[in-house]
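Working notes, beginning with the structure itself.
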There are 2 protein chains.
Amino acid sequence: MEKKIAILGSTGSIGRQTLEVVEALGKGYRVVALTANNNDSLLAEQIRRFKPDLAVLTGAEAAARLVHNVAGTGCAVQQGKEGQLQAATWPTADLVVLAQVGFSGFAPLVAALKEGKRVALANKESLVIGGSILKGMGLLDREKILPVDSEHSAIWQCLGNAGPEEVARVYLTASGGPFFGWNKESLHAVTPAQALKHPNWQMGNKITIDSATMMNKGLEVIEAKWLFNLDLEQIDVIIHRQSIIHSMVEYIDGSIIAQLGEPDMRLPIQQALTHPVRVKSPVKNLNPFDKRLDFYPPDRDNFPCLDLAYRAAYLDGTMPAVLNGANEVAVEEFIGNRIGFTAIPEVIRAVMDRHTIIDNPGIDDVVDADQWSRRKAVEIIDAQTGRMS
Amino acid sequence: MEKKIAILGSTGSIGRQTLEVVEALGKGYRVVALTANNNDSLLAEQIRRFKPDLAVLTGAEAAARLVHNVAGTGCAVQQGKEGQLQAATWPTADLVVLAQVGFSGFAPLVAALKEGKRVALANKESLVIGGSILKGMGLLDREKILPVDSEHSAIWQCLGNAGPEEVARVYLTASGGPFFGWNKESLHAVTPAQALKHPNWQMGNKITIDSATMMNKGLEVIEAKWLFNLDLEQIDVIIHRQSIIHSMVEYIDGSIIAQLGEPDMRLPIQQALTHPVRVKSPVKNLNPFDKRLDFYPPDRDNFPCLDLAYRAAYLDGTMPAVLNGANEVAVEEFIGNRIGFTAIPEVIRAVMDRHTIIDNPGIDDVVDADQWSRRKAVEIIDAQTGRMS
């Protein structure tokens, strides 16, 4: 039987790679809905190629252009948040790939899960910020939320059908980023250009900086907690420079299962698409001969973002939203050369210290916390840099 | 519900470790039958501790002593091959652990499988020599034969529920033994004392020498072929000096799943006992931090036993029996200092070259081939060493 797929965020990096994988899979997979923010020209191309039943753009003007552009293709065009929800719950879709960036992915995720859809989740924020809410709603189900990133997909592959009671801990592997082994002084002088060069993965700017500060791994710790129903004590981070092992699961019997592969996002994407079976993929096979794999503990002193994330996850409630919001502002200010590299965790810590947590938050609470956190971060940076806000 | 276990070969190394694991597992596991060759004193101890319903000794005198020794314990004592078969098919047993050494394990294996028992298989010869026969009888079933050695248990753990059509290949890891990297000249001068020191595993003499010649890995290739229904082209050997990764499975999508752990036989034993779930074990957890893992291709020129095993597996029929028989003789003669280390593969090759294969053999055919092979090996060694046979 054909597997029908809706892709939310189809013009972004993960969305485009998802379409590549669908195309390579060929028969048996059909795209039924696509959504994007404003990139109507690329979306139009995708519509002509993949012939979905529904296409959605967030922006009204872009949507109007798209209607004109794809007239006669038989594809319905919708607009705005309502359209996103329609795509997330599209009746014929078996699988919703949530590839859009930001907490705006949360509402479509909830809608899709409530409709009983399986979701391939590439959207970090919906778990980092909204994990607590999803848990409260009873929507965290390992068979329904399939992770689309290399580390969580690795854990998911290593878990198989094992229950959480069989798991001793998971090891999230981290490349350590470009500054692994650097001391405080050298880190102080890091420039945005240096931080934007990742040794192993080609990614967007924000996530590349997060990788350099290790906040990326911290956010993944929070995601792993919700995805796999783990205590924080069961989640360890291990530096593995070669990015060949993508993560590991240690079982209570002392056995460790690890997943290895080329660093290629199409692998976790295809995993989620073809689950529960594996089929041929365009991904290059890993040649393990002549390889060398190293492991080190992370440097928690010089990369404090990791512990800030653990702390936010431990405190829970609205704190992960505050962590995430303050981090986004700090990273932007660092890329804009307005604060230094080591100021990123300082700003986040200062914002977290000022936050009054709301336990068992609702959606409005986390949205408020996120906005408060961003304002507070800007305020703190302004005060430090003498900038007028 | 209680899992009831029969252990064939309970006084050997694997048998004793199996009882250790059963004891550590505690409630939920009960030993119902034990067998041994002639070690009646250890078997008597085991009977008092584990209270099986049946105990079997191969030797008549030892059995007579045992009857006397365990009178009043309620344990029935049987003798000889018939007794072994009785233990292998003991009505209440759910799982038969086949830990005895040599091809004498084949008949009990067949008997147990025919009765629908699940077998935890530590006996190499029954697969190496008898794999072809088992396949012909339709008795090779991944859910019925659970491997008890570190490499095949690793593969089995990495396979989960995947079908053979999802598997691209398996990598059997090999430590490379004490002589990895040595050249022909140095190998020529190897003494039995040197060969009997294995860097990572504590094992018996025969298997330690097999590990040094890489014949052990060759035999494991043949086992893997039958256990997992693989073509020889799907089985690769990879040198991994640290013996931390115990084997890997490469899937057709490009993903590799590996199993890691301390080198401790109690782990694969417990795996087979508790399957399909995992429970706490006495095995030390592996600490991956500060570890380094290396991989190299095997040196097929200087360790020709590996290719001899591939060749025997490829030719099939009675040839694997010939490989195994000639190897046993050659290893014994090497330990006895009558032939050199590099003569081991030479003897095996010479015997294989002289063998006329019988395809689709019966049990008598492989038993004959085994005996012919041993005679031929002795003959060849006698001729070379000028010894009178």
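Here, A, B, ... name the chains of the structure tokens in the order displayed, residue numbers run from 1 inside each chain, and ligands are numbered from 1 in the same displayed order.
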
Residue hits in chain A, query chain B, radius 8 Å, only C-alpha atoms, as a PyMOL selection string: chain A and resi 158+160+162+166+238+251-262+267+277-286+288-297

Keeping only C-alpha atoms, write the selected residues to a file as a PDB file, in the first residue's frame.
```pdb
ATOM      1  CA  CYS A 158      19.308   1.051  18.781  1.00  0.00           C
ATOM      2  CA  GLY A 160      14.264  -1.530  18.581  1.00  0.00           C
ATOM      3  CA  ALA A 162      13.040  -2.573  23.968  1.00  0.00           C
ATOM      4  CA  GLU A 166      15.498  -2.305  29.793  1.00  0.00           C
ATOM      5  CA  ILE A 238      30.060  11.722  24.941  1.00  0.00           C
ATOM      6  CA  TYR A 251      21.054  -1.741  28.342  1.00  0.00           C
ATOM      7  CA  ILE A 252      20.698  -2.951  31.917  1.00  0.00           C
ATOM      8  CA  ASP A 253      22.453  -6.221  31.039  1.00  0.00           C
ATOM      9  CA  GLY A 254      25.669  -4.340  30.212  1.00  0.00           C
ATOM     10  CA  SER A 255      25.308  -4.494  26.433  1.00  0.00           C
ATOM     11  CA  ILE A 256      25.677  -1.321  24.368  1.00  0.00           C
ATOM     12  CA  ILE A 257      24.058  -0.961  20.946  1.00  0.00           C
ATOM     13  CA  ALA A 258      25.413   1.787  18.690  1.00  0.00           C
ATOM     14  CA  GLN A 259      24.396   3.141  15.309  1.00  0.00           C
ATOM     15  CA  LEU A 260      27.070   4.137  12.817  1.00  0.00           C
ATOM     16  CA  GLY A 261      26.828   5.758   9.422  1.00  0.00           C
ATOM     17  CA  GLU A 262      27.963   8.503   7.113  1.00  0.00           C
ATOM     18  CA  LEU A 267      19.543   8.465   6.487  1.00  0.00           C
ATOM     19  CA  VAL A 277      11.404  -1.659   7.535  1.00  0.00           C
ATOM     20  CA  ARG A 278      14.658  -0.629   5.885  1.00  0.00           C
ATOM     21  CA  VAL A 279      15.060  -0.219   2.147  1.00  0.00           C
ATOM     22  CA  LYS A 280      17.888   0.828  -0.134  1.00  0.00           C
ATOM     23  CA  SER A 281      18.842   4.488   0.126  1.00  0.00           C
ATOM     24  CA  PRO A 282      20.937   6.991  -1.816  1.00  0.00           C
ATOM     25  CA  VAL A 283      23.189   7.291   1.254  1.00  0.00           C
ATOM     26  CA  LYS A 284      26.785   6.129   0.837  1.00  0.00           C
ATOM     27  CA  ASN A 285      27.674   3.035   2.840  1.00  0.00           C
ATOM     28  CA  LEU A 286      30.091   3.631   5.678  1.00  0.00           C
ATOM     29  CA  PRO A 288      34.588   0.959   8.683  1.00  0.00           C
ATOM     30  CA  PHE A 289      38.024  -0.309   7.586  1.00  0.00           C
ATOM     31  CA  ASP A 290      40.935   1.910   8.564  1.00  0.00           C
ATOM     32  CA  LYS A 291      38.611   3.975  10.727  1.00  0.00           C
ATOM     33  CA  ARG A 292      39.498   5.111  14.208  1.00  0.00           C
ATOM     34  CA  LEU A 293      36.892   6.096  16.778  1.00  0.00           C
ATOM     35  CA  ASP A 294      37.694   8.214  19.846  1.00  0.00           C
ATOM     36  CA  PHE A 295      35.581   9.044  22.864  1.00  0.00           C
ATOM     37  CA  TYR A 296      36.081  11.721  25.496  1.00  0.00           C
ATOM     38  CA  PRO A 297      34.027  13.295  28.234  1.00  0.00           C
TER      39      PRO A 297
END
```

Which of region 199-277 of chain A DSSP labels strand (DSSP E or B), written as a PyMOL selection string: chain A and resi 235-239+245-251+256-260

With all heavy atoms retained, export the selected residues as a short mmCIF file (atom, residue, chain, number, x, y, z; two decimals), in the first residue's frame.
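Saved as again-v1.cif:
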```cif
data_model
loop_
_atom_site.label_atom_id
_atom_site.label_comp_id
_atom_site.auth_asym_id
_atom_site.auth_seq_id
_atom_site.Cartn_x
_atom_site.Cartn_y
_atom_site.Cartn_z
N ILE A 235 20.74 10.08 30.64
CA ILE A 235 21.21 10.66 29.38
C ILE A 235 22.61 11.22 29.59
O ILE A 235 22.83 12.11 30.39
CB ILE A 235 20.26 11.77 28.90
CG1 ILE A 235 18.82 11.25 28.86
CG2 ILE A 235 20.70 12.28 27.53
CD1 ILE A 235 17.79 12.33 28.55
N ASP A 236 23.57 10.67 28.84
CA ASP A 236 24.96 11.10 28.93
C ASP A 236 25.38 11.66 27.58
O ASP A 236 24.88 11.23 26.55
CB ASP A 236 25.86 9.89 29.25
CG ASP A 236 26.51 10.04 30.61
OD1 ASP A 236 26.70 11.18 31.05
OD2 ASP A 236 26.81 9.00 31.23
N VAL A 237 26.29 12.61 27.63
CA VAL A 237 26.86 13.15 26.39
C VAL A 237 28.31 12.70 26.29
O VAL A 237 29.03 12.74 27.28
CB VAL A 237 26.75 14.69 26.37
CG1 VAL A 237 27.55 15.28 25.22
CG2 VAL A 237 25.28 15.10 26.29
N ILE A 238 28.70 12.23 25.13
CA ILE A 238 30.06 11.72 24.94
C ILE A 238 30.64 12.34 23.67
O ILE A 238 29.98 12.38 22.64
CB ILE A 238 30.07 10.17 24.90
CG1 ILE A 238 31.48 9.61 24.88
CG2 ILE A 238 29.27 9.63 23.74
CD1 ILE A 238 31.54 8.11 25.21
N ILE A 239 31.85 12.88 23.82
CA ILE A 239 32.49 13.51 22.66
C ILE A 239 33.06 12.41 21.76
O ILE A 239 33.78 11.53 22.21
CB ILE A 239 33.63 14.45 23.08
CG1 ILE A 239 33.11 15.53 24.03
CG2 ILE A 239 34.31 15.07 21.85
CD1 ILE A 239 32.19 16.54 23.41
N ILE A 245 29.81 7.19 14.96
CA ILE A 245 28.75 6.67 15.82
C ILE A 245 27.81 7.82 16.11
O ILE A 245 28.22 8.87 16.59
CB ILE A 245 29.34 6.09 17.13
CG1 ILE A 245 30.17 4.84 16.82
CG2 ILE A 245 28.24 5.77 18.13
CD1 ILE A 245 30.67 4.10 18.05
N HIS A 246 26.53 7.64 15.83
CA HIS A 246 25.58 8.75 15.95
C HIS A 246 24.86 8.78 17.28
O HIS A 246 24.16 9.75 17.58
CB HIS A 246 24.61 8.74 14.78
CG HIS A 246 25.30 8.98 13.48
ND1 HIS A 246 26.17 10.02 13.29
CD2 HIS A 246 25.31 8.28 12.33
CE1 HIS A 246 26.66 9.97 12.07
NE2 HIS A 246 26.16 8.92 11.46
N SER A 247 24.98 7.74 18.05
CA SER A 247 24.55 7.66 19.44
C SER A 247 24.49 6.19 19.85
O SER A 247 24.63 5.32 18.98
CB SER A 247 23.20 8.34 19.71
OG SER A 247 23.41 9.74 19.88
N MET A 248 24.33 5.94 21.15
CA MET A 248 24.38 4.57 21.65
C MET A 248 23.34 4.41 22.78
O MET A 248 22.98 5.37 23.44
CB MET A 248 25.75 4.26 22.26
CG MET A 248 26.93 4.66 21.41
SD MET A 248 28.50 4.02 22.06
CE MET A 248 29.15 5.49 22.86
N VAL A 249 22.91 3.16 22.96
CA VAL A 249 22.02 2.83 24.07
C VAL A 249 22.71 1.77 24.92
O VAL A 249 23.16 0.74 24.40
CB VAL A 249 20.67 2.28 23.56
CG1 VAL A 249 19.83 1.77 24.73
CG2 VAL A 249 19.91 3.33 22.77
N GLU A 250 22.83 2.03 26.20
CA GLU A 250 23.35 1.01 27.12
C GLU A 250 22.16 0.35 27.80
O GLU A 250 21.31 1.01 28.39
CB GLU A 250 24.26 1.64 28.17
CG GLU A 250 24.81 0.61 29.14
CD GLU A 250 25.52 1.25 30.33
OE1 GLU A 250 26.48 2.00 30.13
OE2 GLU A 250 25.08 1.00 31.47
N TYR A 251 22.13 -0.99 27.72
CA TYR A 251 21.05 -1.74 28.34
C TYR A 251 21.43 -2.18 29.75
O TYR A 251 22.62 -2.19 30.11
CB TYR A 251 20.70 -2.95 27.47
CG TYR A 251 19.95 -2.52 26.23
CD1 TYR A 251 20.60 -2.32 25.03
CD2 TYR A 251 18.58 -2.28 26.29
CE1 TYR A 251 19.92 -1.90 23.91
CE2 TYR A 251 17.90 -1.86 25.18
CZ TYR A 251 18.57 -1.68 23.98
OH TYR A 251 17.88 -1.25 22.87
N ILE A 256 25.89 -2.62 25.00
CA ILE A 256 25.68 -1.32 24.37
C ILE A 256 25.41 -1.54 22.89
O ILE A 256 26.14 -2.28 22.22
CB ILE A 256 26.90 -0.39 24.54
CG1 ILE A 256 27.06 0.00 26.02
CG2 ILE A 256 26.78 0.86 23.68
CD1 ILE A 256 28.24 0.93 26.29
N ILE A 257 24.35 -0.90 22.37
CA ILE A 257 24.06 -0.96 20.95
C ILE A 257 24.29 0.44 20.37
O ILE A 257 23.82 1.42 20.94
CB ILE A 257 22.61 -1.42 20.67
CG1 ILE A 257 22.32 -2.78 21.33
CG2 ILE A 257 22.33 -1.49 19.16
CD1 ILE A 257 23.06 -3.96 20.72
N ALA A 258 25.06 0.51 19.29
CA ALA A 258 25.41 1.79 18.69
C ALA A 258 24.99 1.82 17.23
O ALA A 258 24.93 0.77 16.58
CB ALA A 258 26.92 2.01 18.78
N GLN A 259 24.70 3.01 16.74
CA GLN A 259 24.40 3.14 15.31
C GLN A 259 25.49 3.97 14.66
O GLN A 259 25.88 5.02 15.17
CB GLN A 259 23.02 3.80 15.11
CG GLN A 259 22.53 3.77 13.66
CD GLN A 259 22.80 5.05 12.91
OE1 GLN A 259 22.95 6.09 13.50
NE2 GLN A 259 22.87 4.96 11.58
N LEU A 260 26.00 3.48 13.55
CA LEU A 260 27.07 4.14 12.82
C LEU A 260 26.59 4.44 11.40
O LEU A 260 25.74 3.72 10.87
CB LEU A 260 28.30 3.24 12.71
CG LEU A 260 29.07 2.80 13.95
CD1 LEU A 260 28.31 1.74 14.74
CD2 LEU A 260 30.44 2.25 13.57
#
```

Need the shell around Asp210 (chain B): protein/DNA/RNA residues with any atom at most 10 Å away, counting only C-alpha atoms. Skip same-chain ones fewer than 4 positions apart. Format as a PyMOL selection string? chain B and resi 177+195-196+205-206+214-219+305+327-328+331+344

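Between Ala93 (chain A) and the residues A:Gly176, A:Pro52, A:Gly204, A:Gly362, the shortest atom-to-atom distance, using only C-alpha atoms, involves A:Pro52.
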
Would you list the contacts of region 178-187 of chain A as a list in words, taking every protein, DNA or RNA residue within 10 Å and counting only C-alpha atoms, but skipping same-chain residues closer than 3 positions in sequence?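 Contacts, with the query itself left out: Ser175, Val190, Thr191, Gln194, Ala195, Leu196, Lys197, His198, Pro199, Asn200, Thr208, Ile209, Ser211, Ala212, Thr213, Met214, Ile239, Arg241, Pro298, Asp299, Asp301, Asn302, Phe303, Gly340, Phe341 and Thr342 of chain A.
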
Can you write out the residues you just picked, keeping N, CA and C atoms, as an mmCIF file, in the first residue's frame?
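Written file, result_15.cif:
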```cif
data_model
loop_
_atom_site.group_PDB
_atom_site.id
_atom_site.type_symbol
_atom_site.label_atom_id
_atom_site.label_comp_id
_atom_site.auth_asym_id
_atom_site.auth_seq_id
_atom_site.Cartn_x
_atom_site.Cartn_y
_atom_site.Cartn_z
ATOM 1 N N SER A 175 30.172 15.859 18.332
ATOM 2 C CA SER A 175 31.465 16.026 17.656
ATOM 3 C C SER A 175 32.399 16.890 18.502
ATOM 4 N N VAL A 190 37.059 33.792 20.062
ATOM 5 C CA VAL A 190 36.459 33.150 18.877
ATOM 6 C C VAL A 190 35.616 34.145 18.075
ATOM 7 N N THR A 191 35.786 34.132 16.756
ATOM 8 C CA THR A 191 34.977 34.998 15.893
ATOM 9 C C THR A 191 33.807 34.214 15.295
ATOM 10 N N GLN A 194 34.870 31.798 12.583
ATOM 11 C CA GLN A 194 35.443 30.542 13.088
ATOM 12 C C GLN A 194 34.342 29.593 13.539
ATOM 13 N N ALA A 195 33.368 30.147 14.253
ATOM 14 C CA ALA A 195 32.318 29.315 14.836
ATOM 15 C C ALA A 195 31.384 28.750 13.770
ATOM 16 N N LEU A 196 31.334 29.391 12.621
ATOM 17 C CA LEU A 196 30.403 28.940 11.579
ATOM 18 C C LEU A 196 30.977 27.807 10.728
ATOM 19 N N LYS A 197 32.209 27.397 11.045
ATOM 20 C CA LYS A 197 32.798 26.253 10.325
ATOM 21 C C LYS A 197 32.686 24.989 11.159
ATOM 22 N N HIS A 198 31.758 24.098 10.799
ATOM 23 C CA HIS A 198 31.635 22.843 11.537
ATOM 24 C C HIS A 198 32.486 21.774 10.870
ATOM 25 N N PRO A 199 33.195 20.976 11.683
ATOM 26 C CA PRO A 199 34.088 19.987 11.067
ATOM 27 C C PRO A 199 33.377 18.889 10.271
ATOM 28 N N ASN A 200 32.188 18.449 10.687
ATOM 29 C CA ASN A 200 31.603 17.242 10.077
ATOM 30 C C ASN A 200 30.268 17.431 9.358
ATOM 31 N N THR A 208 24.801 25.616 13.707
ATOM 32 C CA THR A 208 26.260 25.479 13.690
ATOM 33 C C THR A 208 26.877 26.177 14.903
ATOM 34 N N ILE A 209 26.356 27.348 15.235
ATOM 35 C CA ILE A 209 26.832 28.026 16.454
ATOM 36 C C ILE A 209 26.443 27.199 17.684
ATOM 37 N N SER A 211 26.193 24.155 17.881
ATOM 38 C CA SER A 211 27.091 23.016 17.922
ATOM 39 C C SER A 211 28.438 23.432 18.515
ATOM 40 N N ALA A 212 28.880 24.640 18.192
ATOM 41 C CA ALA A 212 30.157 25.139 18.719
ATOM 42 C C ALA A 212 30.076 25.415 20.220
ATOM 43 N N THR A 213 28.922 25.859 20.701
ATOM 44 C CA THR A 213 28.765 26.133 22.142
ATOM 45 C C THR A 213 28.350 24.884 22.910
ATOM 46 N N MET A 214 27.974 23.827 22.212
ATOM 47 C CA MET A 214 27.400 22.586 22.751
ATOM 48 C C MET A 214 25.962 22.755 23.224
ATOM 49 N N ILE A 239 31.847 12.878 23.815
ATOM 50 C CA ILE A 239 32.488 13.505 22.657
ATOM 51 C C ILE A 239 33.059 12.414 21.755
ATOM 52 N N ARG A 241 34.743 12.703 18.082
ATOM 53 C CA ARG A 241 35.143 13.688 17.078
ATOM 54 C C ARG A 241 34.774 13.295 15.660
ATOM 55 N N PRO A 298 32.758 15.330 27.767
ATOM 56 C CA PRO A 298 32.657 16.732 27.353
ATOM 57 C C PRO A 298 33.330 17.650 28.385
ATOM 58 N N ASP A 299 33.770 18.811 27.923
ATOM 59 C CA ASP A 299 34.384 19.811 28.810
ATOM 60 C C ASP A 299 33.275 20.738 29.318
ATOM 61 N N ASP A 301 33.174 22.709 31.875
ATOM 62 C CA ASP A 301 33.565 24.027 32.385
ATOM 63 C C ASP A 301 33.645 25.056 31.258
ATOM 64 N N ASN A 302 34.291 24.668 30.171
ATOM 65 C CA ASN A 302 34.503 25.627 29.089
ATOM 66 C C ASN A 302 33.323 25.696 28.119
ATOM 67 N N PHE A 303 32.421 24.729 28.216
ATOM 68 C CA PHE A 303 31.223 24.740 27.362
ATOM 69 C C PHE A 303 29.980 24.637 28.248
ATOM 70 N N GLY A 340 30.599 38.499 22.519
ATOM 71 C CA GLY A 340 31.624 37.483 22.278
ATOM 72 C C GLY A 340 31.075 36.079 22.424
ATOM 73 N N PHE A 341 31.875 35.090 22.047
ATOM 74 C CA PHE A 341 31.460 33.686 22.077
ATOM 75 C C PHE A 341 31.156 33.219 23.496
ATOM 76 N N THR A 342 32.011 33.590 24.435
ATOM 77 C CA THR A 342 31.805 33.129 25.816
ATOM 78 C C THR A 342 30.685 33.908 26.513
#
```

Just the residues within 8 Å of Val148 (chain B), please, counting only C-alpha atoms, with nothing from its chain fewer than 2 positions along; format it as a list in words.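 Final neighbour list, sorted by chain and number: Ala120, Leu121, Ala122, Leu146, Ser150, His152, Ser153, Pro268, Ile269 and Ala272 of chain B.
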
Any idea what's packed within 12 Å of Ala369 (chain B), counting only C-alpha atoms, ignoring anything in its chain fewer than 2 positions away? Could you give it as a ChimeraX atom specification? /B:129-130,317-326,351-352,354-359,361-367,371-377

Per DSSP on the backbone, filter region 160-288 of chain A down to the residues in alpha helix (DSSP H) and report them as a ChimeraX atom specification. /A:184-188,192-195,205-213,215-227,266-274
